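Colleague: Following this line is work04.txt, made up of compact mmCIF, C-alpha atoms and all ligand atoms:
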# COMPACT_ATOMS: atom_id res chain seq x y z
CA MET A 1 34.05 13.61 55.11
CA ALA A 2 32.49 16.69 53.61
CA GLU A 3 35.82 17.65 52.09
CA GLN A 4 36.16 14.27 50.44
CA THR A 5 32.67 14.40 48.95
CA ASP A 6 33.49 17.76 47.47
CA ARG A 7 36.64 16.43 45.94
CA ILE A 8 34.78 13.54 44.32
CA ALA A 9 32.14 15.86 43.00
CA PHE A 10 34.63 18.16 41.37
CA THR A 11 37.04 15.60 39.97
CA PHE A 12 36.28 14.96 36.33
CA ASP A 13 37.28 11.61 34.92
CA ALA A 14 36.66 11.31 31.19
CA ALA A 15 36.15 7.54 31.56
CA ASP A 16 33.14 8.15 33.80
CA GLU A 17 31.50 10.44 31.35
CA TYR A 18 28.06 9.27 30.34
CA ARG A 19 27.99 8.19 26.75
CA PRO A 20 24.68 7.27 25.27
CA GLU A 21 24.77 3.88 23.60
CA ALA A 22 24.89 4.03 19.85
CA PRO A 23 21.40 3.57 18.46
CA PRO A 24 20.88 0.14 16.90
CA PRO A 25 21.27 0.13 13.12
CA PRO A 26 17.89 0.62 11.46
CA GLU A 27 16.23 -2.71 10.86
CA ILE A 28 15.48 -3.26 7.20
CA PRO A 29 12.05 -4.90 6.92
CA ALA A 30 12.22 -8.41 5.45
CA TRP A 31 9.88 -7.47 2.61
CA LYS A 32 12.42 -5.00 1.24
CA ASP A 33 14.42 -7.88 -0.23
CA GLY A 34 14.18 -6.54 -3.76
CA SER A 35 11.51 -9.04 -4.76
CA ILE A 36 8.50 -7.87 -6.69
CA ARG A 37 5.51 -7.05 -4.49
CA ILE A 38 1.96 -7.87 -5.57
CA GLY A 39 -0.78 -7.04 -3.12
CA ILE A 40 -4.51 -6.74 -2.85
CA HIS A 41 -6.96 -4.84 -0.69
CA THR A 42 -8.36 -7.34 1.80
CA SER A 43 -11.19 -7.23 4.31
CA ILE A 44 -10.72 -6.67 8.03
CA ALA A 45 -14.28 -7.74 8.77
CA GLY A 46 -14.31 -9.75 11.99
CA ASP A 47 -10.61 -9.72 12.74
CA ILE A 48 -7.91 -7.38 11.52
CA SER A 49 -5.29 -10.17 11.50
CA GLY A 50 -7.59 -12.16 9.24
CA SER A 51 -6.72 -9.76 6.41
CA LEU A 52 -3.17 -11.14 6.48
CA GLU A 53 -4.36 -14.73 6.06
CA ILE A 54 -6.60 -13.70 3.18
CA ALA A 55 -3.83 -11.86 1.31
CA HIS A 56 -1.42 -14.75 1.86
CA GLY A 57 -4.02 -17.28 0.80
CA LEU A 58 -4.63 -15.40 -2.44
CA GLY A 59 -0.97 -15.57 -3.43
CA ALA A 60 -0.20 -11.93 -2.63
CA ASN A 61 2.97 -10.89 -0.81
CA ALA A 62 1.73 -7.40 0.06
CA LEU A 63 -1.62 -6.02 1.15
CA GLN A 64 -3.81 -3.01 1.67
CA ILE A 65 -6.50 -2.69 4.33
CA PHE A 66 -8.76 -0.16 5.96
CA SER A 67 -7.95 0.17 9.64
CA CYS A 68 -11.60 0.91 10.46
CA SER A 69 -14.94 1.03 8.71
CA PRO A 70 -14.27 3.18 5.62
CA ARG A 71 -17.68 4.87 5.55
CA MET A 72 -18.21 5.70 9.21
CA TRP A 73 -16.89 8.56 11.30
CA ASP A 74 -14.46 7.60 14.01
CA ARG A 75 -16.28 8.28 17.29
CA GLY A 76 -13.30 7.39 19.42
CA GLY A 77 -14.21 3.70 19.56
CA MET A 78 -11.98 2.70 16.69
CA ARG A 79 -8.77 2.27 18.62
CA ILE A 80 -6.82 -0.90 18.05
CA ALA A 81 -5.96 -2.76 21.25
CA GLU A 82 -2.25 -3.21 21.84
CA THR A 83 -2.61 -7.00 22.04
CA GLU A 84 -4.39 -7.04 18.71
CA ALA A 85 -1.76 -4.79 17.11
CA THR A 86 1.07 -6.96 18.49
CA ARG A 87 -0.55 -10.11 17.13
CA PHE A 88 -1.04 -8.43 13.74
CA ARG A 89 2.57 -7.26 13.50
CA ALA A 90 3.94 -10.66 14.52
CA ARG A 91 1.79 -12.60 12.05
CA ARG A 92 2.61 -10.19 9.25
CA LYS A 93 6.31 -10.77 9.89
CA GLU A 94 5.79 -14.55 9.85
CA LEU A 95 4.01 -14.38 6.51
CA GLY A 96 6.58 -11.98 5.05
CA LEU A 97 3.87 -9.65 3.82
CA GLY A 98 4.89 -6.16 2.83
CA PRO A 99 4.49 -3.40 2.29
CA LEU A 100 1.44 -2.95 4.48
CA VAL A 101 -0.63 -0.18 2.97
CA ILE A 102 -3.54 1.35 4.86
CA HIS A 103 -6.19 3.27 2.94
CA ASP A 104 -7.88 6.10 4.78
CA ASN A 105 -11.59 6.52 5.41
CA TYR A 106 -13.61 7.74 2.41
CA LEU A 107 -15.41 10.39 4.47
CA ILE A 108 -12.25 12.32 5.31
CA ASN A 109 -11.99 15.56 3.37
CA LEU A 110 -9.18 17.79 4.55
CA ALA A 111 -10.08 20.32 1.83
CA SER A 112 -13.67 20.78 2.98
CA PRO A 113 -14.67 24.44 3.24
CA ASN A 114 -17.21 23.41 5.89
CA PRO A 115 -15.45 23.99 9.25
CA VAL A 116 -17.31 21.18 11.04
CA LEU A 117 -16.47 18.62 8.36
CA ARG A 118 -12.92 19.83 8.17
CA THR A 119 -12.34 19.56 11.93
CA ARG A 120 -13.90 16.11 11.92
CA SER A 121 -11.65 15.16 9.01
CA VAL A 122 -8.50 16.34 10.76
CA GLN A 123 -9.45 14.36 13.89
CA ALA A 124 -10.26 11.26 11.85
CA PHE A 125 -7.01 11.51 9.90
CA HIS A 126 -5.13 11.84 13.20
CA GLN A 127 -6.74 8.56 14.29
CA GLU A 128 -5.83 7.01 10.93
CA LEU A 129 -2.20 7.88 11.63
CA VAL A 130 -2.39 6.51 15.19
CA ARG A 131 -3.82 3.17 13.98
CA ALA A 132 -1.36 2.97 11.08
CA ILE A 133 1.56 3.46 13.47
CA ALA A 134 0.13 0.83 15.85
CA LEU A 135 -0.16 -1.72 13.05
CA GLY A 136 3.33 -0.97 11.73
CA ALA A 137 2.10 0.25 8.35
CA ASP A 138 4.59 1.29 5.71
CA TYR A 139 2.22 3.62 3.89
CA LEU A 140 -1.02 5.41 4.66
CA VAL A 141 -2.80 6.24 1.40
CA ALA A 142 -5.06 9.29 1.47
CA HIS A 143 -7.39 10.84 -1.06
CA PRO A 144 -6.38 14.50 -1.11
CA GLY A 145 -9.93 15.84 -0.79
CA SER A 146 -12.48 17.95 -2.52
CA GLY A 147 -12.53 21.75 -2.34
CA ARG A 148 -16.18 22.22 -3.38
CA GLU A 149 -16.59 25.94 -4.08
CA SER A 150 -13.04 26.94 -3.07
CA THR A 151 -10.25 27.39 -5.62
CA PRO A 152 -7.75 24.55 -6.18
CA GLN A 153 -5.07 26.75 -4.55
CA ALA A 154 -7.17 27.19 -1.41
CA ALA A 155 -7.96 23.47 -1.37
CA VAL A 156 -4.27 22.57 -1.64
CA ALA A 157 -3.45 24.93 1.26
CA ALA A 158 -6.27 23.45 3.36
CA ILE A 159 -5.08 19.86 2.69
CA SER A 160 -1.50 20.71 3.60
CA GLN A 161 -2.61 22.49 6.78
CA GLY A 162 -4.93 19.59 7.67
CA LEU A 163 -2.16 17.02 7.26
CA LYS A 164 0.12 19.04 9.53
CA GLN A 165 -2.59 19.40 12.18
CA ALA A 166 -3.42 15.70 12.05
CA ALA A 167 0.21 14.62 12.41
CA ARG A 168 1.00 17.01 15.25
CA GLY A 169 2.64 15.25 18.19
CA LEU A 170 2.97 11.91 16.40
CA ARG A 171 6.16 10.09 15.53
CA LEU A 172 5.64 8.54 12.13
CA GLY A 173 8.93 6.64 12.09
CA ASP A 174 9.53 5.21 8.61
CA MET A 175 5.88 5.42 7.65
CA LYS A 176 4.94 7.61 4.69
CA ILE A 177 1.67 9.32 3.85
CA LEU A 178 0.87 8.76 0.18
CA LEU A 179 -1.44 11.11 -1.68
CA GLU A 180 -3.44 9.22 -4.28
CA ASN A 181 -4.16 10.71 -7.68
CA THR A 182 -7.85 10.93 -8.53
CA ALA A 183 -10.04 10.54 -11.59
CA GLY A 184 -11.01 14.20 -11.41
CA GLN A 185 -14.64 13.69 -10.52
CA GLY A 186 -16.37 16.91 -9.38
CA THR A 187 -14.00 19.24 -7.55
CA SER A 188 -11.67 16.53 -6.27
CA ILE A 189 -8.04 17.58 -6.00
CA GLY A 190 -5.30 15.35 -7.35
CA SER A 191 -6.28 14.44 -10.90
CA ARG A 192 -3.49 16.77 -12.02
CA PHE A 193 -0.02 15.68 -10.90
CA GLU A 194 0.81 19.38 -10.38
CA GLU A 195 -1.76 19.54 -7.56
CA LEU A 196 -0.12 16.59 -5.79
CA ARG A 197 3.24 18.32 -6.18
CA ALA A 198 1.79 21.53 -4.72
CA ILE A 199 0.62 19.67 -1.60
CA ILE A 200 4.06 18.08 -1.16
CA ASP A 201 5.75 21.48 -1.58
CA ALA A 202 3.42 23.10 0.95
CA THR A 203 4.11 20.34 3.52
CA PRO A 204 7.90 20.05 3.83
CA GLY A 205 7.82 18.75 7.40
CA LEU A 206 5.93 15.54 6.61
CA PRO A 207 7.08 12.36 4.83
CA LEU A 208 4.74 12.61 1.85
CA GLY A 209 4.77 10.42 -1.23
CA ILE A 210 2.44 9.47 -4.06
CA CYS A 211 0.20 6.52 -4.86
CA ILE A 212 -0.78 6.27 -8.50
CA ASP A 213 -4.03 4.50 -9.39
CA THR A 214 -4.13 3.20 -12.97
CA ALA A 215 -7.92 3.54 -13.30
CA HIS A 216 -7.86 7.11 -11.95
CA THR A 217 -4.92 8.06 -14.18
CA PHE A 218 -6.71 6.67 -17.25
CA ALA A 219 -10.00 8.38 -16.36
CA ALA A 220 -8.12 11.64 -15.76
CA GLY A 221 -6.94 11.62 -19.37
CA TRP A 222 -3.64 9.71 -19.46
CA ASP A 223 -3.70 6.99 -22.10
CA LEU A 224 -2.13 3.98 -20.42
CA ARG A 225 -3.24 1.65 -23.24
CA THR A 226 -0.22 2.27 -25.42
CA THR A 227 3.55 2.17 -24.94
CA GLU A 228 3.78 5.86 -25.93
CA GLY A 229 0.94 6.77 -23.57
CA LEU A 230 2.63 5.04 -20.63
CA GLU A 231 5.96 6.73 -21.45
CA ALA A 232 4.27 10.14 -21.61
CA THR A 233 2.52 9.50 -18.28
CA LEU A 234 5.72 8.44 -16.52
CA GLN A 235 7.61 11.42 -17.93
CA ALA A 236 4.90 13.80 -16.75
CA LEU A 237 4.93 12.16 -13.33
CA ASP A 238 8.69 12.50 -13.12
CA ARG A 239 8.59 16.16 -14.17
CA THR A 240 5.96 17.01 -11.57
CA VAL A 241 6.12 14.89 -8.39
CA GLY A 242 9.25 12.90 -9.28
CA LEU A 243 9.10 9.14 -9.81
CA ASP A 244 11.15 8.61 -6.65
CA LYS A 245 8.12 9.86 -4.71
CA VAL A 246 5.87 7.14 -6.16
CA TYR A 247 5.85 4.15 -3.79
CA VAL A 248 2.61 2.35 -4.57
CA ILE A 249 0.67 1.69 -7.77
CA HIS A 250 -3.00 0.79 -7.46
CA MET A 251 -3.60 -1.74 -10.21
CA ASN A 252 -7.18 -1.41 -11.42
CA ASP A 253 -8.60 -1.76 -14.88
CA SER A 254 -11.26 0.83 -15.74
CA LYS A 255 -14.95 0.35 -16.50
CA THR A 256 -15.09 3.92 -17.78
CA HIS A 257 -13.48 5.25 -20.94
CA HIS A 258 -10.31 7.25 -21.36
CA GLY A 259 -10.73 10.77 -19.98
CA SER A 260 -14.17 10.04 -18.48
CA ARG A 261 -13.21 11.57 -15.09
CA VAL A 262 -15.35 8.83 -13.55
CA ASP A 263 -13.79 6.30 -11.16
CA ARG A 264 -15.04 2.73 -11.69
CA HIS A 265 -12.65 -0.17 -11.12
CA GLU A 266 -12.70 -3.30 -13.27
CA HIS A 267 -10.95 -6.70 -13.21
CA ILE A 268 -7.45 -6.78 -14.72
CA GLY A 269 -7.76 -7.24 -18.46
CA GLN A 270 -11.53 -6.87 -18.58
CA GLY A 271 -11.72 -3.09 -18.71
CA LYS A 272 -10.81 -0.28 -21.07
CA ILE A 273 -7.10 -0.31 -20.15
CA GLY A 274 -6.50 -3.94 -21.08
CA LEU A 275 -4.17 -6.76 -20.12
CA GLU A 276 -1.22 -5.77 -22.30
CA ALA A 277 -1.02 -2.34 -20.69
CA PHE A 278 -0.81 -3.92 -17.22
CA GLY A 279 2.04 -6.11 -18.45
CA ARG A 280 3.94 -3.01 -19.56
CA ILE A 281 3.29 -1.24 -16.25
CA LEU A 282 4.43 -4.21 -14.13
CA ASN A 283 7.57 -4.75 -16.16
CA HIS A 284 8.52 -1.11 -16.70
CA ARG A 285 12.07 -0.42 -15.55
CA LEU A 286 11.09 3.00 -14.16
CA LEU A 287 8.52 1.35 -11.88
CA ALA A 288 10.79 -1.37 -10.50
CA GLY A 289 10.64 -1.65 -6.71
CA ARG A 290 7.10 -0.29 -6.40
CA ALA A 291 4.33 -2.23 -4.70
CA PHE A 292 1.47 -3.11 -7.04
CA ILE A 293 -1.82 -3.31 -5.15
CA LEU A 294 -5.15 -4.45 -6.56
CA GLU A 295 -8.43 -2.75 -5.65
CA THR A 296 -10.51 -4.70 -8.11
CA PRO A 297 -14.18 -5.55 -7.47
CA ILE A 298 -15.46 -8.92 -6.24
CA ASP A 299 -18.37 -9.73 -8.52
CA LYS A 300 -18.19 -13.47 -8.04
CA PRO A 301 -16.25 -15.84 -5.78
CA GLY A 302 -12.66 -16.27 -6.92
CA ASP A 303 -12.33 -12.83 -8.51
CA ASP A 304 -9.61 -11.77 -6.06
CA LYS A 305 -7.61 -14.93 -6.69
CA ARG A 306 -7.95 -14.48 -10.43
CA ASN A 307 -6.81 -10.85 -10.33
CA VAL A 308 -3.75 -11.66 -8.18
CA ALA A 309 -2.89 -14.57 -10.49
CA ALA A 310 -3.34 -12.31 -13.54
CA LEU A 311 -0.65 -9.91 -12.27
CA TRP A 312 1.78 -12.73 -11.44
CA LYS A 313 1.19 -14.21 -14.86
CA LEU A 314 2.11 -10.90 -16.51
CA LEU A 315 5.40 -11.17 -14.62
CA GLY A 316 5.95 -14.66 -16.00
CA ARG A 317 5.06 -16.39 -12.74
CA GLU A 318 2.24 -18.65 -11.75
CA VAL A 319 0.40 -19.06 -8.48
CA VAL A 320 0.49 -22.60 -7.10
CA ALA A 321 -1.07 -24.18 -4.03
CA ASN A 322 1.34 -24.34 -1.14
CA GLY A 323 -0.49 -26.06 1.70
CA ASP A 324 -1.33 -23.12 3.91
CA GLY A 325 -1.93 -20.72 1.08
CA MET A 326 -1.09 -19.83 -2.48
CA LYS A 327 2.46 -18.86 -3.23
CA PRO A 328 3.87 -17.38 -6.39
CA ARG A 329 6.46 -19.65 -7.93
CA PRO A 330 8.70 -18.92 -10.87
CA LYS A 331 7.24 -20.38 -14.02
CA ARG A 332 9.42 -23.22 -15.25
CA SER A 333 9.88 -24.12 -18.84
CA ALA A 334 8.31 -27.41 -19.93
CA ALA A 335 11.78 -28.82 -20.62
CA ALA A 336 13.02 -27.96 -17.10
CA ALA A 337 9.92 -29.51 -15.53
CA LYS A 338 10.41 -32.73 -17.51
CA LYS A 339 14.06 -32.92 -16.46
CA THR A 340 13.22 -32.60 -12.74
CA LYS A 341 10.52 -35.22 -13.01
CA LYS A 342 12.93 -37.67 -14.60
CA ALA A 343 15.66 -37.06 -12.05
CA ARG A 344 13.37 -37.60 -9.07
CA PRO A 345 13.24 -41.16 -7.73
CA ALA A 346 9.84 -42.76 -8.37
CA LYS A 347 9.08 -43.36 -4.67
CA LYS A 348 9.75 -39.77 -3.67
CA ALA A 349 7.66 -38.43 -6.53
CA ALA A 350 4.72 -40.61 -5.52
CA ALA A 351 4.92 -39.40 -1.91
CA LYS A 352 5.05 -35.81 -3.06
CA SER A 353 2.03 -36.06 -5.34
CA LYS A 354 0.08 -37.69 -2.47
CA LYS A 355 1.02 -34.77 -0.21
CA LYS A 356 0.01 -32.29 -2.88
CA ARG A 357 -3.45 -33.86 -3.14
CA LYS A 358 -3.93 -33.58 0.59
CA SER A 359 -3.17 -29.86 0.85
CA LYS A 360 -6.00 -28.18 -0.94
CA PRO A 361 -5.56 -24.47 -1.64
CA LYS A 362 -7.53 -22.30 0.72
CA VAL A 363 -9.63 -19.75 -1.10
CA ARG A 364 -11.36 -16.98 0.77
CA SER A 365 -13.12 -14.05 -0.69
CA ARG A 366 -12.79 -10.46 0.52
CA GLY A 367 -16.16 -10.70 2.22
CA LYS A 368 -18.10 -7.53 2.97
ZN ZN A 401 -6.95 3.51 -5.61
ZN ZN A 402 -10.77 4.42 -7.39
Show me, as structure tokens, the structure contained in the file I just sent.
Ligand SMILES: [Zn+2]
Ligand SMILES: [Zn+2]

Modeller:
Amino acid sequence: MAEQTDRIAFTFDAADEYRPEAPPPPEIPAWKDGSIRIGIHTSIAGDISGSLEIAHGLGANALQIFSCSPRMWDRGGMRIAETEATRFRARRKELGLGPLVIHDNYLINLASPNPVLRTRSVQAFHQELVRAIALGADYLVAHPGSGRESTPQAAVAAISQGLKQAARGLRLGDMKILLENTAGQGTSIGSRFEELRAIIDATPGLPLGICIDTAHTFAAGWDLRTTEGLEATLQALDRTVGLDKVYVIHMNDSKTHHGSRVDRHEHIGQGKIGLEAFGRILNHRLLAGRAFILETPIDKPGDDKRNVAALWKLLGREVVANGDGMKPRPKRSAAAAKKTKKARPAKKAAAKSKKKRKSKPKVRSRGK
């Protein structure tokens, strides 16, 4: 018997060779269907999945959220339960919302020269990454940080090092970390596109990209009000970080004037940048395929809905009530609308208008 066992052990049959199964082809998320993506920052107060209903109800097809309180340090109690994360991912899929952008905590400063603050920032950013992965985020947007008394070069090195430390041991999958450009207030890094490029260059091992905020760009000295100004900005962006690295545009009008270096968001069309400029940004061929996310203030009820509708309108679409929420629908010409009305049998049309009256649009504000 022993002899036989030996023979089996030493006989090599190629057919028995273990072959790992081919990995499944990467699943392309449903939101990457080439359609234009308009999103808004929504509240997670109460229930994180509630943010999805709010965004959907406002007529957005993308969203941004905080994954924890944005002005509190993570003391380890900000984990997202697996059941909650599963529910969130499933509901997001149902609603076809994407991309999902998560904005990091405002207190995080990876460039801080204070060792205690820096360590705390690295730990908090690690937790940001953990929560973003759990929720299935596409992008985690981060403010680069503020170097205080250190030189911009030292700050860039500290940010890059901090990102690497925070991501250690994590599998980010397809998720990207997006560095957001800043207005240039104080010693904040990132108002110059060259600084963002320097961070990317210093961090080759991480999937870094860029998020461009219109209000910050304008306050940092780029004149987005004119066609020439927008062209010059896009060319500068392409020369420095590369437009292919820009995945998200934060769409905010600016309360402060051009070159003010002060970051104050305003409703679309009511600030110093102006409605026309937002139309050019949304429809610019070099920005096709980006997600456009609002971070506009809520001064009175309905502001969110109005800002989302304003962006759709600049794209030639209108937001109409759709029973369980607001959905963008292509704007039809008056002639086309008349034609459809005529063609529809009277009985059917009556039933439809009755149904339409019943389903009132749900409007919810961002809350706290
Ligand atoms: Zn922003
Ligand atoms: Zn801002």

Colleague: Let me have all residues with an atom within 9 Å of ligand ZN 402 (chain A), counting all atoms listed in the file, laid out as number ranges by chain.

Modeller: A: 182-183, 213-216, 250, 252, 262-265, 295

Colleague: Could the centre and edge lengths of an axis-aligned box, enclosing all atoms of region 131-135 of chain A in the file with 6 Å extra on each side, be given in Å to one decimal as AutoDock Vina command-line options?

Modeller:
--center_x -1.1 --center_y 0.9 --center_z 13.5 --size_x 17.4 --size_y 17.2 --size_z 16.8

Colleague: If you count all atoms listed in the file, which residues fall within 12 Å of Thr42 (chain A), apart from same-chain ones fewer than 5 positions away, as a PyMOL selection string?

Modeller: chain A and resi 47-58+60+62-67+100-103+293-298+304-305+308+364-368

Colleague: Which of these residues is nearest to ligand ZN 401 (chain A), using only C-alpha atoms and all ligand atoms: A:Gln153, A:Thr233, A:Ser69, A:Ser254?

Modeller: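 Using only C-alpha atoms and all ligand atoms, ligand ZN 401 (chain A) sits closest to A:Ser254.
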
Colleague: For ligand ZN 401 (chain A), which of A:Leu286, A:Ala45, A:Leu275, A:Ile40 is the closest residue, counting all atoms listed in the file?

Modeller: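 Comparing A:Leu286, A:Ala45, A:Leu275, A:Ile40 against ligand ZN 401 (chain A), the winner is A:Ile40.
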
Colleague: I want to know what sits within 9 Å of region 137-143 of chain A, based on all atoms listed in the file, with residues of the same chain fewer than 6 positions away left out; could you give that as a PyMOL selection string?

Modeller: chain A and resi 98-106+108-109+125+128-129+131+174-182+188-190+209-211+247-248

Colleague: Smallest atom-to-atom distance to Ala236 (chain A): which of A:Lys300, A:Arg197, A:Arg261, A:His267, using all atoms listed in the file?

Modeller: A:Arg197

Colleague: Rank A:Arg317, A:Ala198, A:Pro144, A:Phe193 by their smallest atom-to-atom distance to ligand ZN 401 (chain A), using all atoms listed in the file, and report the top residue only.

Modeller: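 Ranked by minimum distance to ligand ZN 401 (chain A), first place goes to A:Pro144.
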
Colleague: Tell me which of A:Ala219, A:Ala202, A:Val130, A:Val246 sits closest to Ala291 (chain A), counting all atoms listed in the file.

Modeller: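 Between A:Ala219, A:Ala202, A:Val130, A:Val246, the residue approaching Ala291 (chain A) most closely is A:Val246.
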
Colleague: What does the structure give for the distance between CA of Asp33 (chain A) and CA of Leu287 (chain A), in Å to one decimal?

Modeller: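 These atoms are spaced 16.0 Å apart.
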
Colleague: Could you list as a PyMOL selection string every residue that has an atom within 12 Å of (-13.9, 19.7, 9.9), using the file's coordinates and counting all atoms listed in the file?

Modeller: chain A and resi 73+107-125+158-159+162+165-166

Colleague: Between A:Thr227, A:Thr256, A:Thr217, A:Thr240, which is the closest to ligand ZN 401 (chain A) once you count only C-alpha atoms and all ligand atoms?

Modeller: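 Among A:Thr227, A:Thr256, A:Thr217, A:Thr240, it is A:Thr217 that comes nearest to ligand ZN 401 (chain A).
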
Colleague: For the atom pair CA of Leu170 (chain A) and CA of Gln127 (chain A), what is the interatomic distance in Å to one decimal place?

Modeller: 10.5 Å

Colleague: Quote the spacing between CA of Thr83 (chain A) and CA of Leu95 (chain A) in Å to one decimal place.

Modeller: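 So the answer is 18.4 Å.
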
Colleague: Report as a list in words all protein, DNA and RNA residues lying within 8 Å of His258 (chain A), evaluated on all atoms listed in the file, omitting residues in the same chain fewer than 6 positions from it.

Modeller: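 Once the nearby chain positions are removed, what remains is Phe218, Ala219, Ala220, Gly221, Trp222, Asp223 and Lys272 of chain A.
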
Colleague: For the structure just given, write the atoms of region 38-58 of chain A, namely N, CA and C atoms, as a PDB file, in the first residue's frame.

Modeller:
ATOM      1  N   ILE A  38     -25.516  65.087 -11.736  1.00  0.00           N
ATOM      2  CA  ILE A  38     -25.706  66.281 -10.914  1.00  0.00           C
ATOM      3  C   ILE A  38     -25.983  65.811  -9.492  1.00  0.00           C
ATOM      4  N   GLY A  39     -25.190  66.276  -8.573  1.00  0.00           N
ATOM      5  CA  GLY A  39     -25.364  65.841  -7.188  1.00  0.00           C
ATOM      6  C   GLY A  39     -25.377  67.010  -6.231  1.00  0.00           C
ATOM      7  N   ILE A  40     -25.654  66.685  -4.987  1.00  0.00           N
ATOM      8  CA  ILE A  40     -25.696  67.711  -3.948  1.00  0.00           C
ATOM      9  C   ILE A  40     -25.264  67.090  -2.631  1.00  0.00           C
ATOM     10  N   HIS A  41     -24.637  67.912  -1.796  1.00  0.00           N
ATOM     11  CA  HIS A  41     -24.248  67.433  -0.470  1.00  0.00           C
ATOM     12  C   HIS A  41     -25.505  67.321   0.388  1.00  0.00           C
ATOM     13  N   THR A  42     -25.767  66.128   0.903  1.00  0.00           N
ATOM     14  CA  THR A  42     -26.979  65.941   1.708  1.00  0.00           C
ATOM     15  C   THR A  42     -26.634  65.480   3.120  1.00  0.00           C
ATOM     16  N   SER A  43     -27.580  65.723   4.015  1.00  0.00           N
ATOM     17  CA  SER A  43     -27.370  65.448   5.436  1.00  0.00           C
ATOM     18  C   SER A  43     -27.492  63.965   5.766  1.00  0.00           C
ATOM     19  N   ILE A  44     -26.682  63.520   6.726  1.00  0.00           N
ATOM     20  CA  ILE A  44     -26.788  62.149   7.216  1.00  0.00           C
ATOM     21  C   ILE A  44     -27.391  62.144   8.616  1.00  0.00           C
ATOM     22  N   ALA A  45     -27.877  63.317   9.037  1.00  0.00           N
ATOM     23  CA  ALA A  45     -28.442  63.431  10.386  1.00  0.00           C
ATOM     24  C   ALA A  45     -29.544  62.395  10.583  1.00  0.00           C
ATOM     25  N   GLY A  46     -29.443  61.615  11.634  1.00  0.00           N
ATOM     26  CA  GLY A  46     -30.465  60.608  11.924  1.00  0.00           C
ATOM     27  C   GLY A  46     -30.129  59.264  11.320  1.00  0.00           C
ATOM     28  N   ASP A  47     -30.009  59.221   9.993  1.00  0.00           N
ATOM     29  CA  ASP A  47     -29.837  57.936   9.330  1.00  0.00           C
ATOM     30  C   ASP A  47     -29.025  58.159   8.060  1.00  0.00           C
ATOM     31  N   ILE A  48     -27.955  57.424   7.933  1.00  0.00           N
ATOM     32  CA  ILE A  48     -27.067  57.639   6.784  1.00  0.00           C
ATOM     33  C   ILE A  48     -27.770  57.328   5.457  1.00  0.00           C
ATOM     34  N   SER A  49     -28.659  56.313   5.462  1.00  0.00           N
ATOM     35  CA  SER A  49     -29.383  55.978   4.229  1.00  0.00           C
ATOM     36  C   SER A  49     -30.379  57.064   3.840  1.00  0.00           C
ATOM     37  N   GLY A  50     -30.764  57.866   4.822  1.00  0.00           N
ATOM     38  CA  GLY A  50     -31.694  58.963   4.555  1.00  0.00           C
ATOM     39  C   GLY A  50     -31.134  59.971   3.563  1.00  0.00           C
ATOM     40  N   SER A  51     -29.794  60.074   3.530  1.00  0.00           N
ATOM     41  CA  SER A  51     -29.154  61.022   2.606  1.00  0.00           C
ATOM     42  C   SER A  51     -29.464  60.661   1.157  1.00  0.00           C
ATOM     43  N   LEU A  52     -29.635  59.356   0.910  1.00  0.00           N
ATOM     44  CA  LEU A  52     -29.930  58.884  -0.451  1.00  0.00           C
ATOM     45  C   LEU A  52     -31.315  59.337  -0.875  1.00  0.00           C
ATOM     46  N   GLU A  53     -32.269  59.208   0.074  1.00  0.00           N
ATOM     47  CA  GLU A  53     -33.660  59.596  -0.231  1.00  0.00           C
ATOM     48  C   GLU A  53     -33.725  61.101  -0.486  1.00  0.00           C
ATOM     49  N   ILE A  54     -32.957  61.854   0.303  1.00  0.00           N
ATOM     50  CA  ILE A  54     -32.974  63.310   0.133  1.00  0.00           C
ATOM     51  C   ILE A  54     -32.449  63.684  -1.248  1.00  0.00           C
ATOM     52  N   ALA A  55     -31.286  63.132  -1.604  1.00  0.00           N
ATOM     53  CA  ALA A  55     -30.684  63.473  -2.911  1.00  0.00           C
ATOM     54  C   ALA A  55     -31.636  63.101  -4.046  1.00  0.00           C
ATOM     55  N   HIS A  56     -32.211  61.912  -3.952  1.00  0.00           N
ATOM     56  CA  HIS A  56     -33.143  61.440  -4.986  1.00  0.00           C
ATOM     57  C   HIS A  56     -34.369  62.350  -5.047  1.00  0.00           C
ATOM     58  N   GLY A  57     -34.869  62.704  -3.892  1.00  0.00           N
ATOM     59  CA  GLY A  57     -36.057  63.554  -3.820  1.00  0.00           C
ATOM     60  C   GLY A  57     -35.828  64.961  -4.367  1.00  0.00           C
ATOM     61  N   LEU A  58     -34.573  65.383  -4.366  1.00  0.00           N
ATOM     62  CA  LEU A  58     -34.255  66.732  -4.865  1.00  0.00           C
ATOM     63  C   LEU A  58     -34.037  66.753  -6.376  1.00  0.00           C
TER      64      LEU A  58
END
